[in-house]
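S.K.: Before I ask anything, let me first share the structure, which is written out below as structure tokens.
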Amino acid sequence: MIVDDQRTNESRRKLAAWPALCGSFLILNTLLFVPSFVVFFQESTFFPSTTLPPGNRIGGWRLLLLRDNLDVFRLSADLLALFALGVWFPWWHRSPLGRRLQVLTYLGLLAFQTYTAFYRHTFGSSPNLYGDLLTLRQLAPVAWKELMTARLALGILAGLVAAGILVRGIQWIWSVHFQALDRRPSSARARGALLLLLAPVAMILIRYYNDEHLRRYFGDSYGSVLGVQATSVSFLRSVRSSVNSYRHLRSIDPVVIRDHYELPDGMLRQRPNIYFIAIESYGSVAHRHPMTKHHLQTTLQDCERRLRVAGWHVASALSESTVSGGRSWLACTSMTHGIRVDGQGVYEYLNRHFDNYPSMMSNLKRQGYRIYRLSSIPERNQHSVPWDQYTRFYQVDEWIRYRDMEFDGPGYGWTLAPPDQFALGFAHRKIQERDHQPFFLFFITQNSHTPYSAPPLVENWPTLNDPNRKAGSIDDSSGTWVRYQRAIDYQLRFLTRFIEENGSDRDLFILVGDHQPPWLSDSAQDGFRTPLHFITRDGEFSRSLGDWGFRTGLGVDLAAQPLHHEGFYSLFLRQLVKHYGDESTPLPEYLPNGVVFGEGD
């Protein structure tokens with residue numbers, strides 16, 4: 001009788017373990033997919049949905065295998081494997097070391113899922129650990145010194161506290177799982193059932209993680225649309241990408257670059273002043289999205305009309321940036337150096353190993369140009385930015401910085417920078433005082449940076465330097481799209497006014513979007529395309545750009561094949577030599593993808 005009672009109690013104990021085992025798995029499995037669902041909340045629905053590319057034959061299994069919606073109803077092969085180890089090898093979950101390794105592995109999976117979700121949403125591509133660690137190493141000290149405020153510090157502290165609470169909760173769920181396994185000793189039937197479940201999961205991963213047709217259709221987001229996912233595979237791919245990036249750096253040959261880009265001294269018969277202005281976050285999405293395109297079209301038509309009346313010719317095209325949603329310095333360096341710079345690894349390698357890189361600036365200096373760089377970002381700590389390094393790399397003769405402006409008016413945007421209208425007006429006045437012709441001015445605008453706080457457009461830019469002037473507040477109720485539309489509208493209108501009031505027959509303006517706006521563009525529809533505008537009074541120069549796909553006016557053809565940021569430099573050199581160079585100088589070769597060395601990072 002006692003034996004029967006013991007058997008009954010044992011059976012009940014084993015039966016009671018099943019809800020804890022299943023419940024812990026469901027909670028931990030769901031939690032792994034919460035970051036993507038939250039980050040892409042506006043583009044996702046709660047329940048699964050799916051569409052398939054033409055020619056796919058998944059059929060009735062498609063909702064299980066493939067989604068176009070980042071819901072949480074997916075299966076983590078990694079978590080299933082961790083649970084299987086505990087069933088197959090009891091010592092694995094009974095030993096303190098085995099338990100710690102399982103919890104740490106899970107936390108690593110969750111951290112990588114979170115990191116990947118934010119990275120894809122911001123930059124429109126998969127993360128590269130090597131380049132991202134380099135970026136963090138460079139920017140973290142600057143951000144700490146320049147951007148840290150009491151409010152931001154409090155937000156970081158609150159985030160750390162929340163993360164600590166989450167980790168403790170996850171540890172508790174795992175402890176429930178381990179206790180349930182102790183109450184439910186492993187059996188041959190349980191091990192066999194797990195094997196039957198893992199076998200089709202493995203086959204699905206092998207089949208669909210290497211489906212080139214689906215990968216081409218979904219692009220870089222392919223791994224996130226699968227119903228069965230292996231975060232460990234994505235992590236290993238990121239590691240492999242990092243290794244390839246490191247190897248790629250060693251293949252860059254300075255001799256080849258100089259052969260393509262270096263121009264003879266003094267070969268220009270005419271030397272137009274050149275304004276190279278990168279418009280922050282001016283992406284093709286502004287021309288496509290219903291929230292912005294109609295208003296932008298009106299703005300473009302008005303700006304184009306004013307420029308035409310003033311005698312200016314405009315040619316426009318789309319250019320594929322090397323980045324999306326941030327890291328302007330990589331996009332701009334790709335354009336000024338003629339090599340694909342899509343990761344911090346390439347950028348730092350060029351910075352450190354190329355003392356005499358034949359960049360756009362160094363070539364112009366050899367033609368007698370003076371190189372100016374305008375930076376309107378306020379500097380709270382003068383030692384946080386490596387000015388000497390940037391001066392050498394970008395061949396800057398003279399910086400025009402925030403401290404030179406003695407600006408007392410209200411700041412705007414993420415760095416509380418002066419209005420771009422004021423910054424550019426100040427720089428132009430200072431350059432005119434130097435009376436050095438010709439000159440090259442490089443400026444990355446600030447006021448269209450997220451959170452998109454557009455200053456007022458005024459008749460006289462010096463009036464903005466008024467401590468009594470009130471800054472326009474960020475109107476959260478109007479929505480991000482409205483603020484973005486206003487910021488881009490401001491950039492185009494103030495630049496048009498600047499060209500009208502200050503441009504001369506010997507000036508060439510190059511306006512280009514550095515990258516798509518973070519969190520607003522759709523990488524599947526918009527890609528990395530940004531508008532590129534040449535504005536000049538030289539009609540022949542403007543018309544000749546039609547040979548490269550440019551169209552007349554400020555509008556762009558969203559269906560046209562885009563240029564590439566890294567190919568811009570060779571196109572620029574070719575146009576410069578063709579129209580303003582010595583007739584005996586051979587035209588530089590147009591390299592649509594820049595100088596290519598192996599695989600980029």
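As shown in the structure tokens, the chain order sets the letters A, B, ...; within each chain, residues go from 1, and ligands are also counted from 1 in the order they appear.
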From a DSSP calculation on the backbone, collect every residue of stretch 389-420 of chain A in strand (DSSP E or B) and output the set as a list in words.
M.R.: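 Selection result, strand (DSSP E or B) within stretch 389-420 of chain A: Glu398, Trp399, Ile400, Arg401, Tyr412 and Ala417 of chain A.
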S.K.: Only all heavy atoms, please: the residues just picked out, written as a compact mmCIF listing (two decimals), in the first residue's frame.
M.R.:
```txt
# COMPACT_ATOMS: atom_id res chain seq x y z
N GLU A 398 41.43 75.22 -43.29
CA GLU A 398 40.87 76.05 -42.21
C GLU A 398 39.51 75.51 -41.80
O GLU A 398 38.63 75.31 -42.64
CB GLU A 398 40.74 77.51 -42.66
CG GLU A 398 40.23 78.43 -41.57
CD GLU A 398 40.23 79.89 -41.98
OE1 GLU A 398 40.80 80.21 -43.04
OE2 GLU A 398 39.65 80.71 -41.25
N TRP A 399 39.38 75.29 -40.48
CA TRP A 399 38.10 74.90 -39.91
C TRP A 399 37.30 76.14 -39.55
O TRP A 399 37.85 77.13 -39.05
CB TRP A 399 38.29 74.07 -38.65
CG TRP A 399 38.77 72.67 -38.89
CD1 TRP A 399 40.06 72.25 -38.97
CD2 TRP A 399 37.94 71.52 -39.05
NE1 TRP A 399 40.09 70.89 -39.19
CE2 TRP A 399 38.81 70.41 -39.24
CE3 TRP A 399 36.56 71.31 -39.07
CZ2 TRP A 399 38.33 69.12 -39.43
CZ3 TRP A 399 36.08 70.02 -39.27
CH2 TRP A 399 36.97 68.94 -39.45
N ILE A 400 36.01 76.08 -39.79
CA ILE A 400 35.08 77.09 -39.28
C ILE A 400 34.18 76.36 -38.30
O ILE A 400 33.31 75.58 -38.70
CB ILE A 400 34.27 77.74 -40.42
CG1 ILE A 400 35.22 78.37 -41.44
CG2 ILE A 400 33.32 78.80 -39.85
CD1 ILE A 400 34.53 78.90 -42.68
N ARG A 401 34.42 76.60 -37.00
CA ARG A 401 33.78 75.80 -35.97
C ARG A 401 32.79 76.62 -35.16
O ARG A 401 32.72 77.84 -35.27
CB ARG A 401 34.85 75.20 -35.06
CG ARG A 401 35.71 74.17 -35.75
CD ARG A 401 37.02 73.89 -35.04
NE ARG A 401 36.85 73.48 -33.66
CZ ARG A 401 37.88 73.20 -32.84
NH1 ARG A 401 39.12 73.26 -33.30
NH2 ARG A 401 37.66 72.85 -31.59
N TYR A 412 19.24 74.02 -31.96
CA TYR A 412 18.20 73.13 -32.47
C TYR A 412 18.76 71.72 -32.65
O TYR A 412 19.95 71.53 -32.89
CB TYR A 412 17.66 73.64 -33.81
CG TYR A 412 16.94 74.96 -33.71
CD1 TYR A 412 17.65 76.15 -33.72
CD2 TYR A 412 15.56 75.01 -33.57
CE1 TYR A 412 17.00 77.38 -33.61
CE2 TYR A 412 14.90 76.23 -33.45
CZ TYR A 412 15.62 77.40 -33.47
OH TYR A 412 14.98 78.61 -33.36
N ALA A 417 22.60 72.66 -32.13
CA ALA A 417 23.45 73.42 -33.04
C ALA A 417 22.72 74.68 -33.51
O ALA A 417 21.49 74.74 -33.47
CB ALA A 417 23.81 72.56 -34.25
```
S.K.: Would you mind telling me which residue in A:Leu154, A:Leu457, A:Val161, A:Ile488 lies nearest to A:Pro419 when using only C-alpha atoms?
M.R.: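 Ranked by minimum distance to A:Pro419, first place goes to A:Leu457.
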S.K.: Under the rule that only C-alpha atoms are counted, which of A:Glu320, A:Asp397, A:Asp78, A:Glu280 is the nearest residue to A:Ser234?
M.R.: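 Closest to A:Ser234 of all the choices is A:Asp78.
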S.K.: Quick one: residues within 9 Å of A:Thr299, only C-alpha atoms, excluding same-chain residues fewer than 6 positions away - as a PDB file with N, CA and C atoms, in the first residue's frame?
M.R.:
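This went into around22.pdb:
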```
ATOM      1  N   ASP A 489      12.107  70.471 -45.757  1.00  0.00           N
ATOM      2  CA  ASP A 489      11.623  71.684 -46.399  1.00  0.00           C
ATOM      3  C   ASP A 489      12.520  72.868 -46.032  1.00  0.00           C
ATOM      4  N   LEU A 492      16.003  72.677 -47.926  1.00  0.00           N
ATOM      5  CA  LEU A 492      15.948  73.018 -49.342  1.00  0.00           C
ATOM      6  C   LEU A 492      15.671  74.511 -49.551  1.00  0.00           C
ATOM      7  N   ARG A 493      14.821  75.068 -48.724  1.00  0.00           N
ATOM      8  CA  ARG A 493      14.470  76.488 -48.907  1.00  0.00           C
ATOM      9  C   ARG A 493      15.609  77.409 -48.468  1.00  0.00           C
TER      10      ARG A 493
END
```
S.K.: Quick one: residues within 10 Å of A:Thr231, only C-alpha atoms counted, chain neighbours fewer than 4 positions away excluded, as an NGL selection string?
M.R.: :A and (32 or 76-79 or 108-110 or 112-113 or 116 or 223-224 or 235-237)
S.K.: Limited to N, CA and C atoms, could you put the picked residues into a file as a PDB file, in the first residue's frame?
M.R.:
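For reference, out05.pdb as written:
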```pdb
ATOM      1  N   LEU A  32      12.423  35.993 -26.697  1.00  0.00           N
ATOM      2  CA  LEU A  32      13.493  36.183 -27.677  1.00  0.00           C
ATOM      3  C   LEU A  32      13.041  36.999 -28.885  1.00  0.00           C
ATOM      4  N   SER A  76      12.435  29.237 -31.537  1.00  0.00           N
ATOM      5  CA  SER A  76      13.883  29.413 -31.445  1.00  0.00           C
ATOM      6  C   SER A  76      14.554  28.051 -31.407  1.00  0.00           C
ATOM      7  N   ALA A  77      15.298  27.731 -32.444  1.00  0.00           N
ATOM      8  CA  ALA A  77      16.021  26.461 -32.491  1.00  0.00           C
ATOM      9  C   ALA A  77      17.091  26.411 -31.410  1.00  0.00           C
ATOM     10  N   ASP A  78      17.655  27.566 -31.079  1.00  0.00           N
ATOM     11  CA  ASP A  78      18.694  27.607 -30.049  1.00  0.00           C
ATOM     12  C   ASP A  78      18.129  27.222 -28.682  1.00  0.00           C
ATOM     13  N   LEU A  79      16.975  27.801 -28.328  1.00  0.00           N
ATOM     14  CA  LEU A  79      16.363  27.485 -27.036  1.00  0.00           C
ATOM     15  C   LEU A  79      15.931  26.031 -26.986  1.00  0.00           C
ATOM     16  N   GLY A 108      22.798  35.836 -23.751  1.00  0.00           N
ATOM     17  CA  GLY A 108      23.545  36.247 -24.935  1.00  0.00           C
ATOM     18  C   GLY A 108      22.678  36.258 -26.181  1.00  0.00           C
ATOM     19  N   LEU A 109      21.816  35.228 -26.319  1.00  0.00           N
ATOM     20  CA  LEU A 109      20.897  35.176 -27.456  1.00  0.00           C
ATOM     21  C   LEU A 109      19.933  36.360 -27.440  1.00  0.00           C
ATOM     22  N   LEU A 110      19.393  36.669 -26.252  1.00  0.00           N
ATOM     23  CA  LEU A 110      18.457  37.787 -26.130  1.00  0.00           C
ATOM     24  C   LEU A 110      19.154  39.113 -26.418  1.00  0.00           C
ATOM     25  N   PHE A 112      21.784  39.609 -28.346  1.00  0.00           N
ATOM     26  CA  PHE A 112      22.086  39.710 -29.779  1.00  0.00           C
ATOM     27  C   PHE A 112      20.822  39.985 -30.580  1.00  0.00           C
ATOM     28  N   GLN A 113      19.697  39.380 -30.190  1.00  0.00           N
ATOM     29  CA  GLN A 113      18.425  39.655 -30.856  1.00  0.00           C
ATOM     30  C   GLN A 113      18.043  41.134 -30.710  1.00  0.00           C
ATOM     31  N   THR A 116      20.468  43.286 -32.814  1.00  0.00           N
ATOM     32  CA  THR A 116      20.170  43.145 -34.236  1.00  0.00           C
ATOM     33  C   THR A 116      18.914  43.912 -34.622  1.00  0.00           C
ATOM     34  N   GLY A 223      16.659  36.791 -42.615  1.00  0.00           N
ATOM     35  CA  GLY A 223      16.744  35.959 -41.426  1.00  0.00           C
ATOM     36  C   GLY A 223      15.649  36.234 -40.419  1.00  0.00           C
ATOM     37  N   SER A 224      15.108  37.450 -40.413  1.00  0.00           N
ATOM     38  CA  SER A 224      14.101  37.810 -39.415  1.00  0.00           C
ATOM     39  C   SER A 224      12.692  37.417 -39.820  1.00  0.00           C
ATOM     40  N   PHE A 235      24.506  35.034 -35.488  1.00  0.00           N
ATOM     41  CA  PHE A 235      25.699  35.512 -34.788  1.00  0.00           C
ATOM     42  C   PHE A 235      26.968  35.050 -35.498  1.00  0.00           C
ATOM     43  N   LEU A 236      27.003  33.789 -35.903  1.00  0.00           N
ATOM     44  CA  LEU A 236      28.187  33.273 -36.594  1.00  0.00           C
ATOM     45  C   LEU A 236      28.386  33.968 -37.936  1.00  0.00           C
ATOM     46  N   ARG A 237      27.278  34.304 -38.599  1.00  0.00           N
ATOM     47  CA  ARG A 237      27.393  35.043 -39.856  1.00  0.00           C
ATOM     48  C   ARG A 237      27.959  36.438 -39.626  1.00  0.00           C
TER      49      ARG A 237
END
```
